[in-house]
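Participant: Supplied structure: query-v7.cif, mmCIF, C-alpha atoms.
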data_my_file
#
loop_
_atom_site.label_atom_id
_atom_site.label_comp_id
_atom_site.auth_asym_id
_atom_site.auth_seq_id
_atom_site.Cartn_x
_atom_site.Cartn_y
_atom_site.Cartn_z
CA MET A 1 151.21 136.17 -43.14
CA GLN A 2 152.04 139.67 -41.94
CA PHE A 3 151.18 143.02 -43.46
CA ASN A 4 151.85 146.47 -42.09
CA GLU A 5 151.68 150.05 -43.40
CA HIS A 6 155.27 149.99 -44.67
CA CYS A 7 154.41 147.15 -47.06
CA ILE A 8 152.03 149.47 -48.91
CA GLU A 9 154.93 151.33 -50.54
CA LYS A 10 156.11 148.12 -52.22
CA PHE A 11 152.91 147.72 -54.24
CA CYS A 12 152.13 149.37 -57.54
CA PRO A 13 150.47 152.81 -57.19
CA PHE A 14 147.10 151.60 -58.44
CA TYR A 15 146.56 149.43 -55.38
CA LYS A 16 148.02 151.68 -52.66
CA CYS A 17 144.69 153.33 -51.89
CA PHE A 18 142.90 149.97 -51.69
CA PHE A 19 145.47 148.53 -49.28
CA ARG A 20 145.29 151.60 -47.06
CA LYS A 21 141.48 151.30 -46.88
CA LEU A 22 141.69 147.57 -46.24
CA LEU A 23 144.19 148.16 -43.45
CA GLU A 24 141.92 150.81 -41.89
CA VAL A 25 138.90 148.49 -41.97
CA ILE A 26 140.81 145.61 -40.41
CA LYS A 27 142.33 147.83 -37.73
CA SER A 28 138.92 149.35 -36.96
CA THR A 29 137.53 145.87 -36.21
CA GLN A 30 140.23 145.45 -33.55
CA ILE A 31 141.63 142.40 -35.34
CA CYS A 32 145.16 143.57 -34.85
CA SER A 33 147.11 146.34 -33.29
CA ARG A 34 150.44 146.20 -35.12
CA PHE A 35 150.19 143.30 -37.58
CA ILE A 36 147.39 141.49 -39.32
CA THR A 37 147.58 137.90 -38.16
CA PHE A 38 144.99 135.83 -39.97
CA LYS A 39 144.84 133.30 -37.08
CA LYS A 40 143.05 135.95 -35.02
CA LEU A 41 140.17 136.29 -37.43
CA LYS A 42 137.08 134.64 -35.95
CA ASN A 43 134.94 134.66 -39.05
CA LEU A 44 136.38 132.17 -41.54
CA SER A 45 134.46 133.59 -44.54
CA VAL A 46 135.78 137.11 -43.86
CA MET A 47 139.31 135.73 -43.62
CA LYS A 48 138.94 133.85 -46.90
CA SER A 49 137.52 136.90 -48.67
CA ILE A 50 140.28 139.21 -47.46
CA TYR A 51 142.98 136.67 -48.23
CA PHE A 52 141.57 135.99 -51.72
CA VAL A 53 141.36 139.72 -52.56
CA PHE A 54 144.85 140.31 -51.17
CA VAL A 55 146.39 137.48 -53.21
CA MET A 56 144.57 138.47 -56.40
CA LEU A 57 145.70 142.08 -56.07
CA LEU A 58 149.28 141.02 -55.44
CA LEU A 59 149.25 138.79 -58.50
CA GLY A 60 147.59 141.47 -60.61
CA CYS A 61 150.04 144.13 -59.49
CA GLY A 62 153.04 141.93 -60.23
CA THR A 63 151.68 140.91 -63.62
CA GLN A 64 150.85 144.48 -64.63
CA GLN A 65 154.29 145.74 -63.59
CA LYS A 66 156.02 142.83 -65.37
CA LEU A 67 154.07 143.48 -68.58
CA GLN A 68 155.01 147.17 -68.50
CA GLU A 69 158.68 146.31 -67.93
CA ASP A 70 158.61 143.66 -70.69
CA THR A 71 156.99 146.11 -73.09
CA LEU A 72 159.63 148.78 -72.43
CA VAL A 73 162.50 146.29 -72.68
CA THR A 74 161.03 144.80 -75.87
CA ALA A 75 160.51 148.26 -77.40
CA LYS A 76 164.05 149.38 -76.57
CA SER A 77 165.45 146.17 -78.02
CA GLY A 78 163.45 146.56 -81.24
CA ILE A 79 164.45 150.21 -81.61
CA GLN A 80 168.10 149.39 -80.92
CA LYS A 81 167.99 146.70 -83.63
CA VAL A 82 166.66 149.21 -86.20
CA MET A 83 169.45 151.64 -85.36
CA THR A 84 172.12 148.92 -85.46
CA ASP A 85 170.83 147.81 -88.87
CA GLN A 86 171.01 151.45 -90.00
CA GLU A 87 174.64 151.73 -88.87
CA ILE A 88 175.53 148.57 -90.82
CA ALA A 89 173.77 149.79 -93.98
CA TRP A 90 175.31 153.27 -93.72
CA ASN A 91 178.80 151.87 -93.17
CA ASN A 92 178.38 149.86 -96.41
CA HIS A 93 177.23 153.05 -98.18
CA ASP A 94 173.81 151.41 -98.63
CA LEU A 95 171.59 154.49 -98.26
CA GLU A 96 168.45 152.62 -99.36
CA GLY A 97 169.16 150.03 -96.66
CA PHE A 98 169.71 152.82 -94.14
CA MET A 99 166.32 154.28 -95.09
CA GLN A 100 164.56 150.99 -94.28
CA GLY A 101 164.51 152.21 -90.68
CA TYR A 102 162.28 155.11 -91.73
CA TRP A 103 158.52 155.03 -92.31
CA LYS A 104 158.03 154.77 -96.07
CA SER A 105 155.42 157.49 -96.26
CA ASP A 106 154.91 161.02 -97.52
CA SER A 107 154.15 161.88 -93.87
CA LEU A 108 157.73 161.14 -92.71
CA LYS A 109 159.36 164.31 -91.37
CA PHE A 110 163.09 165.01 -91.24
CA TYR A 111 164.42 168.25 -89.79
CA GLY A 112 168.09 169.00 -90.34
CA SER A 113 170.49 171.73 -91.36
CA ASN A 114 168.56 172.29 -94.62
CA GLY A 115 165.23 172.72 -92.84
CA LEU A 116 162.17 170.47 -92.93
CA THR A 117 161.95 167.62 -95.42
CA LYS A 118 158.69 165.72 -95.84
CA GLY A 119 158.43 162.22 -97.22
CA TRP A 120 160.56 159.11 -97.50
CA GLU A 121 161.57 159.62 -101.14
CA GLN A 122 162.71 163.21 -100.59
CA THR A 123 164.66 162.23 -97.46
CA LEU A 124 166.45 159.49 -99.43
CA ALA A 125 167.18 161.95 -102.25
CA ASN A 126 168.71 164.37 -99.74
CA TYR A 127 170.92 161.62 -98.30
CA LYS A 128 172.09 160.63 -101.78
CA LYS A 129 172.89 164.25 -102.63
CA GLY A 130 174.72 164.94 -99.35
CA TYR A 131 176.62 161.62 -99.22
CA PRO A 132 177.29 160.61 -102.84
CA THR A 133 180.31 158.38 -102.09
CA LYS A 134 181.80 156.35 -99.24
CA ALA A 135 184.28 159.20 -98.65
CA GLU A 136 181.39 161.47 -97.66
CA SER A 137 179.31 158.89 -95.78
CA GLY A 138 182.21 157.37 -93.85
CA THR A 139 181.61 155.22 -90.80
CA LEU A 140 178.56 155.92 -88.63
CA ASN A 141 178.27 155.29 -84.92
CA PHE A 142 175.13 156.08 -82.92
CA VAL A 143 175.24 156.75 -79.19
CA ILE A 144 171.80 156.37 -77.63
CA ASN A 145 171.41 158.49 -74.51
CA ASP A 146 167.70 157.99 -73.81
CA VAL A 147 164.72 155.99 -75.02
CA SER A 148 161.41 157.10 -73.49
CA LYS A 149 157.82 156.15 -74.12
CA ILE A 150 155.61 158.98 -75.36
CA GLU A 151 152.34 157.03 -75.45
CA GLY A 152 151.08 153.80 -76.94
CA ASP A 153 153.70 152.46 -79.35
CA ASN A 154 155.48 155.81 -79.75
CA TYR A 155 158.94 156.38 -78.33
CA TRP A 156 161.50 159.11 -78.64
CA VAL A 157 165.20 158.40 -78.85
CA MET A 158 167.78 161.04 -77.93
CA GLY A 159 171.37 160.54 -78.84
CA GLU A 160 174.46 161.42 -80.81
CA TYR A 161 175.81 160.46 -84.19
CA HIS A 162 179.50 160.30 -85.04
CA LEU A 163 180.76 160.08 -88.62
CA LYS A 164 184.41 159.28 -89.25
CA ARG A 165 185.15 160.31 -92.84
CA GLU A 166 188.03 160.93 -95.23
CA VAL A 167 186.59 164.38 -95.99
CA GLY A 168 186.44 165.29 -92.30
CA ASP A 169 184.53 163.94 -89.33
CA ALA A 170 180.99 165.06 -88.53
CA ASN A 171 179.29 164.81 -85.17
CA GLY A 172 175.91 165.90 -83.90
CA VAL A 173 172.83 165.13 -81.88
CA PHE A 174 169.40 163.80 -82.76
CA ILE A 175 165.90 163.30 -81.47
CA ILE A 176 164.05 160.55 -83.31
CA ILE A 177 160.45 159.47 -82.87
CA PHE A 178 159.78 155.77 -83.41
CA LYS A 179 156.36 154.25 -83.92
CA LYS A 180 155.44 150.60 -84.27
CA ILE A 181 153.71 150.29 -87.64
CA ASN A 182 152.44 146.92 -88.88
CA GLY A 183 154.55 145.18 -86.22
CA GLU A 184 157.80 146.97 -87.17
CA TRP A 185 159.58 149.87 -85.50
CA LYS A 186 159.89 152.80 -87.89
CA ILE A 187 161.23 156.34 -87.57
CA VAL A 188 158.33 158.73 -88.24
CA ALA A 189 160.19 161.95 -87.37
CA ASP A 190 163.91 162.79 -87.14
CA MET A 191 165.61 165.97 -86.04
CA SER A 192 169.36 165.80 -86.49
CA CYS A 193 171.90 168.59 -86.27
#
Could you render the structure as C-alpha coordinates?

Facilitator:
Amino acid sequence: MQFNEHCIEKFCPFYKCFFRKLLEVIKSTQICSRFITFKKLKNLSVMKSIYFVFVMLLLGCGTQQKLQEDTLVTAKSGIQKVMTDQEIAWNNHDLEGFMQGYWKSDSLKFYGSNGLTKGWEQTLANYKKGYPTKAESGTLNFVINDVSKIEGDNYWVMGEYHLKREVGDANGVFIIIFKKINGEWKIVADMSC
(Lines of atoms letter the chains of each structure in order from A and count residues from 1; the text may use other names and numbers.)
(Lines give C-alpha, C1' and ligand atoms only; values in the text may rest on other atoms or scores of the structure.)
Protein backbone atom coordinates (compact mmCIF):
# COMPACT_ATOMS: atom_id res chain seq x y z
CA MET A 1 0.00 0.00 0.00
CA GLN A 2 1.36 3.42 -0.90
CA PHE A 3 0.50 6.82 0.51
CA ASN A 4 2.05 10.17 -0.28
CA GLU A 5 1.25 13.83 0.43
CA HIS A 6 -0.86 14.20 -2.73
CA CYS A 7 -3.28 11.54 -1.46
CA ILE A 8 -4.21 13.82 1.45
CA GLU A 9 -6.28 16.08 -0.84
CA LYS A 10 -8.56 13.15 -1.74
CA PHE A 11 -9.76 12.68 1.83
CA CYS A 12 -12.55 14.57 3.52
CA PRO A 13 -11.41 17.80 5.24
CA PHE A 14 -11.93 16.45 8.74
CA TYR A 15 -9.11 13.94 8.35
CA LYS A 16 -6.58 16.04 6.40
CA CYS A 17 -4.83 17.31 9.51
CA PHE A 18 -4.59 13.81 10.99
CA PHE A 19 -3.08 12.36 7.82
CA ARG A 20 -0.54 15.18 7.61
CA LYS A 21 0.54 14.54 11.23
CA LEU A 22 0.67 10.79 10.65
CA LEU A 23 2.81 11.31 7.56
CA GLU A 24 5.18 13.60 9.52
CA VAL A 25 5.57 11.05 12.32
CA ILE A 26 6.27 8.21 9.91
CA LYS A 27 8.74 10.27 7.90
CA SER A 28 10.49 11.41 11.08
CA THR A 29 11.14 7.77 12.03
CA GLN A 30 12.99 7.32 8.73
CA ILE A 31 10.58 4.60 7.64
CA CYS A 32 10.32 6.01 4.18
CA SER A 33 11.67 8.77 2.07
CA ARG A 34 9.08 9.09 -0.69
CA PHE A 35 6.43 6.44 0.00
CA ILE A 36 5.23 4.57 3.03
CA THR A 37 5.88 0.92 2.36
CA PHE A 38 4.54 -1.18 5.19
CA LYS A 39 7.06 -3.98 4.46
CA LYS A 40 9.79 -1.71 5.82
CA LEU A 41 8.22 -1.38 9.23
CA LYS A 42 10.20 -3.43 11.74
CA ASN A 43 7.74 -3.29 14.59
CA LEU A 44 4.71 -5.39 13.69
CA SER A 45 2.45 -3.86 16.38
CA VAL A 46 3.19 -0.32 15.14
CA MET A 47 2.41 -1.41 11.59
CA LYS A 48 -0.89 -2.99 12.67
CA SER A 49 -1.89 0.09 14.66
CA ILE A 50 -1.13 2.50 11.82
CA TYR A 51 -2.82 0.29 9.26
CA PHE A 52 -5.92 -0.16 11.47
CA VAL A 53 -6.25 3.59 12.11
CA PHE A 54 -5.69 4.35 8.42
CA VAL A 55 -8.36 1.87 7.27
CA MET A 56 -10.87 3.01 9.89
CA LEU A 57 -10.41 6.65 8.93
CA LEU A 58 -10.80 5.85 5.25
CA LEU A 59 -14.00 3.93 5.92
CA GLY A 60 -15.32 6.66 8.22
CA CYS A 61 -14.52 9.39 5.73
CA GLY A 62 -16.23 7.54 2.89
CA THR A 63 -19.28 6.74 4.99
CA GLN A 64 -19.63 10.31 6.26
CA GLN A 65 -19.33 11.75 2.75
CA LYS A 66 -21.80 9.19 1.36
CA LEU A 67 -24.34 9.98 4.10
CA GLN A 68 -24.06 13.71 3.38
CA GLU A 69 -24.51 13.11 -0.36
CA ASP A 70 -27.47 10.75 0.25
CA THR A 71 -29.09 13.28 2.56
CA LEU A 72 -28.79 16.09 0.00
CA VAL A 73 -30.02 13.89 -2.85
CA THR A 74 -32.91 12.60 -0.72
CA ALA A 75 -33.85 16.13 0.38
CA LYS A 76 -33.78 17.47 -3.19
CA SER A 77 -35.89 14.54 -4.36
CA GLY A 78 -38.46 15.08 -1.60
CA ILE A 79 -38.64 18.82 -2.25
CA GLN A 80 -38.96 18.24 -6.00
CA LYS A 81 -41.86 15.84 -5.36
CA VAL A 82 -43.72 18.46 -3.29
CA MET A 83 -43.31 21.02 -6.05
CA THR A 84 -44.37 18.57 -8.76
CA ASP A 85 -47.47 17.69 -6.72
CA GLN A 86 -48.18 21.42 -6.40
CA GLU A 87 -47.95 21.90 -10.17
CA ILE A 88 -50.41 19.04 -10.72
CA ALA A 89 -52.88 20.40 -8.16
CA TRP A 90 -52.61 23.96 -9.51
CA ASN A 91 -53.09 22.82 -13.09
CA ASN A 92 -56.34 21.11 -11.99
CA HIS A 93 -57.39 24.34 -10.24
CA ASP A 94 -57.17 22.47 -6.92
CA LEU A 95 -55.92 25.29 -4.69
CA GLU A 96 -56.43 23.28 -1.49
CA GLY A 97 -54.31 20.50 -3.01
CA PHE A 98 -51.69 23.08 -4.02
CA MET A 99 -51.61 24.33 -0.41
CA GLN A 100 -50.78 20.83 0.89
CA GLY A 101 -47.15 21.69 0.10
CA TYR A 102 -47.29 24.48 2.69
CA TRP A 103 -46.93 24.13 6.46
CA LYS A 104 -50.46 24.20 7.87
CA SER A 105 -49.69 26.69 10.60
CA ASP A 106 -50.37 30.27 11.61
CA SER A 107 -46.57 30.70 11.47
CA LEU A 108 -46.42 30.16 7.68
CA LYS A 109 -45.15 33.31 5.95
CA PHE A 110 -45.86 34.31 2.36
CA TYR A 111 -44.42 37.50 0.90
CA GLY A 112 -45.76 38.61 -2.47
CA SER A 113 -47.01 41.62 -4.36
CA ASN A 114 -49.61 42.33 -1.64
CA GLY A 115 -47.03 42.29 1.15
CA LEU A 116 -46.63 39.82 3.99
CA THR A 117 -49.30 37.21 4.67
CA LYS A 118 -49.13 35.09 7.81
CA GLY A 119 -50.80 31.73 8.21
CA TRP A 120 -51.96 28.86 6.03
CA GLU A 121 -55.65 29.81 6.02
CA GLN A 122 -54.98 33.41 4.98
CA THR A 123 -52.56 32.30 2.25
CA LEU A 124 -55.21 29.93 0.86
CA ALA A 125 -57.82 32.71 1.01
CA ASN A 126 -55.49 34.99 -0.96
CA TYR A 127 -54.97 32.31 -3.62
CA LYS A 128 -58.72 31.77 -3.93
CA LYS A 129 -59.31 35.51 -4.27
CA GLY A 130 -56.52 36.03 -6.82
CA TYR A 131 -57.25 32.89 -8.89
CA PRO A 132 -61.02 32.30 -8.68
CA THR A 133 -61.29 30.27 -11.92
CA LYS A 134 -59.15 28.10 -14.19
CA ALA A 135 -58.86 31.09 -16.58
CA GLU A 136 -56.93 33.00 -13.90
CA SER A 137 -54.91 30.08 -12.52
CA GLY A 138 -53.94 28.63 -15.90
CA THR A 139 -51.10 26.14 -16.21
CA LEU A 140 -48.19 26.37 -13.77
CA ASN A 141 -44.62 25.36 -14.47
CA PHE A 142 -41.84 25.67 -11.90
CA VAL A 143 -38.19 25.98 -12.90
CA ILE A 144 -35.90 25.16 -10.00
CA ASN A 145 -32.55 26.92 -10.28
CA ASP A 146 -31.03 26.05 -6.91
CA VAL A 147 -31.69 23.93 -3.84
CA SER A 148 -29.28 24.59 -0.96
CA LYS A 149 -29.12 23.41 2.61
CA ILE A 150 -29.44 26.15 5.22
CA GLU A 151 -28.96 23.93 8.29
CA GLY A 152 -30.46 20.77 9.69
CA ASP A 153 -33.58 19.90 7.70
CA ASN A 154 -34.00 23.41 6.27
CA TYR A 155 -33.42 24.14 2.60
CA TRP A 156 -34.02 27.09 0.37
CA VAL A 157 -35.22 26.73 -3.19
CA MET A 158 -34.66 29.47 -5.76
CA GLY A 159 -36.47 29.38 -9.03
CA GLU A 160 -39.02 30.71 -11.47
CA TYR A 161 -42.72 30.20 -11.97
CA HIS A 162 -44.46 30.44 -15.33
CA LEU A 163 -48.24 30.68 -15.65
CA LYS A 164 -49.83 30.27 -19.07
CA ARG A 165 -53.35 31.70 -18.82
CA GLU A 166 -56.28 32.79 -20.96
CA VAL A 167 -56.26 36.16 -19.17
CA GLY A 168 -52.56 36.70 -19.91
CA ASP A 169 -49.39 34.90 -18.89
CA ALA A 170 -47.63 35.63 -15.61
CA ASN A 171 -44.00 34.90 -14.83
CA GLY A 172 -41.83 35.57 -11.82
CA VAL A 173 -39.22 34.35 -9.41
CA PHE A 174 -39.39 32.83 -5.94
CA ILE A 175 -37.34 31.90 -2.92
CA ILE A 176 -38.98 29.20 -0.84
CA ILE A 177 -37.80 27.78 2.47
CA PHE A 178 -38.59 24.10 3.04
CA LYS A 179 -38.42 22.35 6.38
CA LYS A 180 -38.95 18.69 7.15
CA ILE A 181 -41.81 18.56 9.65
CA ASN A 182 -43.08 15.23 10.99
CA GLY A 183 -41.24 13.43 8.18
CA GLU A 184 -42.75 15.57 5.39
CA TRP A 185 -41.24 18.44 3.41
CA LYS A 186 -43.27 21.60 3.89
CA ILE A 187 -42.88 25.20 2.73
CA VAL A 188 -42.54 27.39 5.83
CA ALA A 189 -41.78 30.65 4.01
CA ASP A 190 -42.38 31.78 0.41
CA MET A 191 -41.36 34.97 -1.33
CA SER A 192 -42.73 35.17 -4.85
CA CYS A 193 -42.82 38.13 -7.19

Participant: Do you know which residues are at most 12 Å from stretch 184-189 of chain A counting all atoms listed in the file, after dropping those on the same chain fewer than 3 positions away, and could you put them as an MDAnalysis selection string?

Facilitator: chainID A and resid 74:83 85:86 98:112 116:120 123 153:157 174:181 192

Participant: Residues picked by the PyMOL selection byres ((chain A and resi 172) around 7) here, as an MDAnalysis selection string?

Facilitator: chainID A and resid 160:162 170:171 173:174 193

Participant: For the residues selected in the previous step, produce a file with C-alpha atoms as an mmCIF file, in the coordinates of the input.

Facilitator:
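Printed below is out.cif as written:
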data_model
loop_
_atom_site.group_PDB
_atom_site.id
_atom_site.type_symbol
_atom_site.label_atom_id
_atom_site.label_comp_id
_atom_site.auth_asym_id
_atom_site.auth_seq_id
_atom_site.Cartn_x
_atom_site.Cartn_y
_atom_site.Cartn_z
ATOM 1 C CA GLU A 160 174.460 161.420 -80.810
ATOM 2 C CA TYR A 161 175.810 160.460 -84.190
ATOM 3 C CA HIS A 162 179.500 160.300 -85.040
ATOM 4 C CA ALA A 170 180.990 165.060 -88.530
ATOM 5 C CA ASN A 171 179.290 164.810 -85.170
ATOM 6 C CA VAL A 173 172.830 165.130 -81.880
ATOM 7 C CA PHE A 174 169.400 163.800 -82.760
ATOM 8 C CA CYS A 193 171.900 168.590 -86.270
#

Participant: Here is a test: counting only C-alpha atoms, which residue of A:Ala89, A:Ser113, A:Leu72, A:Arg165 is nearest to A:Thr139?

Facilitator: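 Distance minimum relative to A:Thr139 lands on A:Arg165.
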
Participant: Can you measure atom CA of A:Asp190 to atom CA of A:Asp94 for me? One decimal in Å is fine.

Facilitator: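 So the two atoms, atom CA of A:Asp190 and atom CA of A:Asp94, lie 19.0 Å apart.
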
Participant: So how many Å separate atom CA of A:Asp146 and atom CA of A:Met158, to one decimal?

Facilitator: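 Computed distance, atom CA of A:Asp146 to atom CA of A:Met158, equals 5.1 Å.
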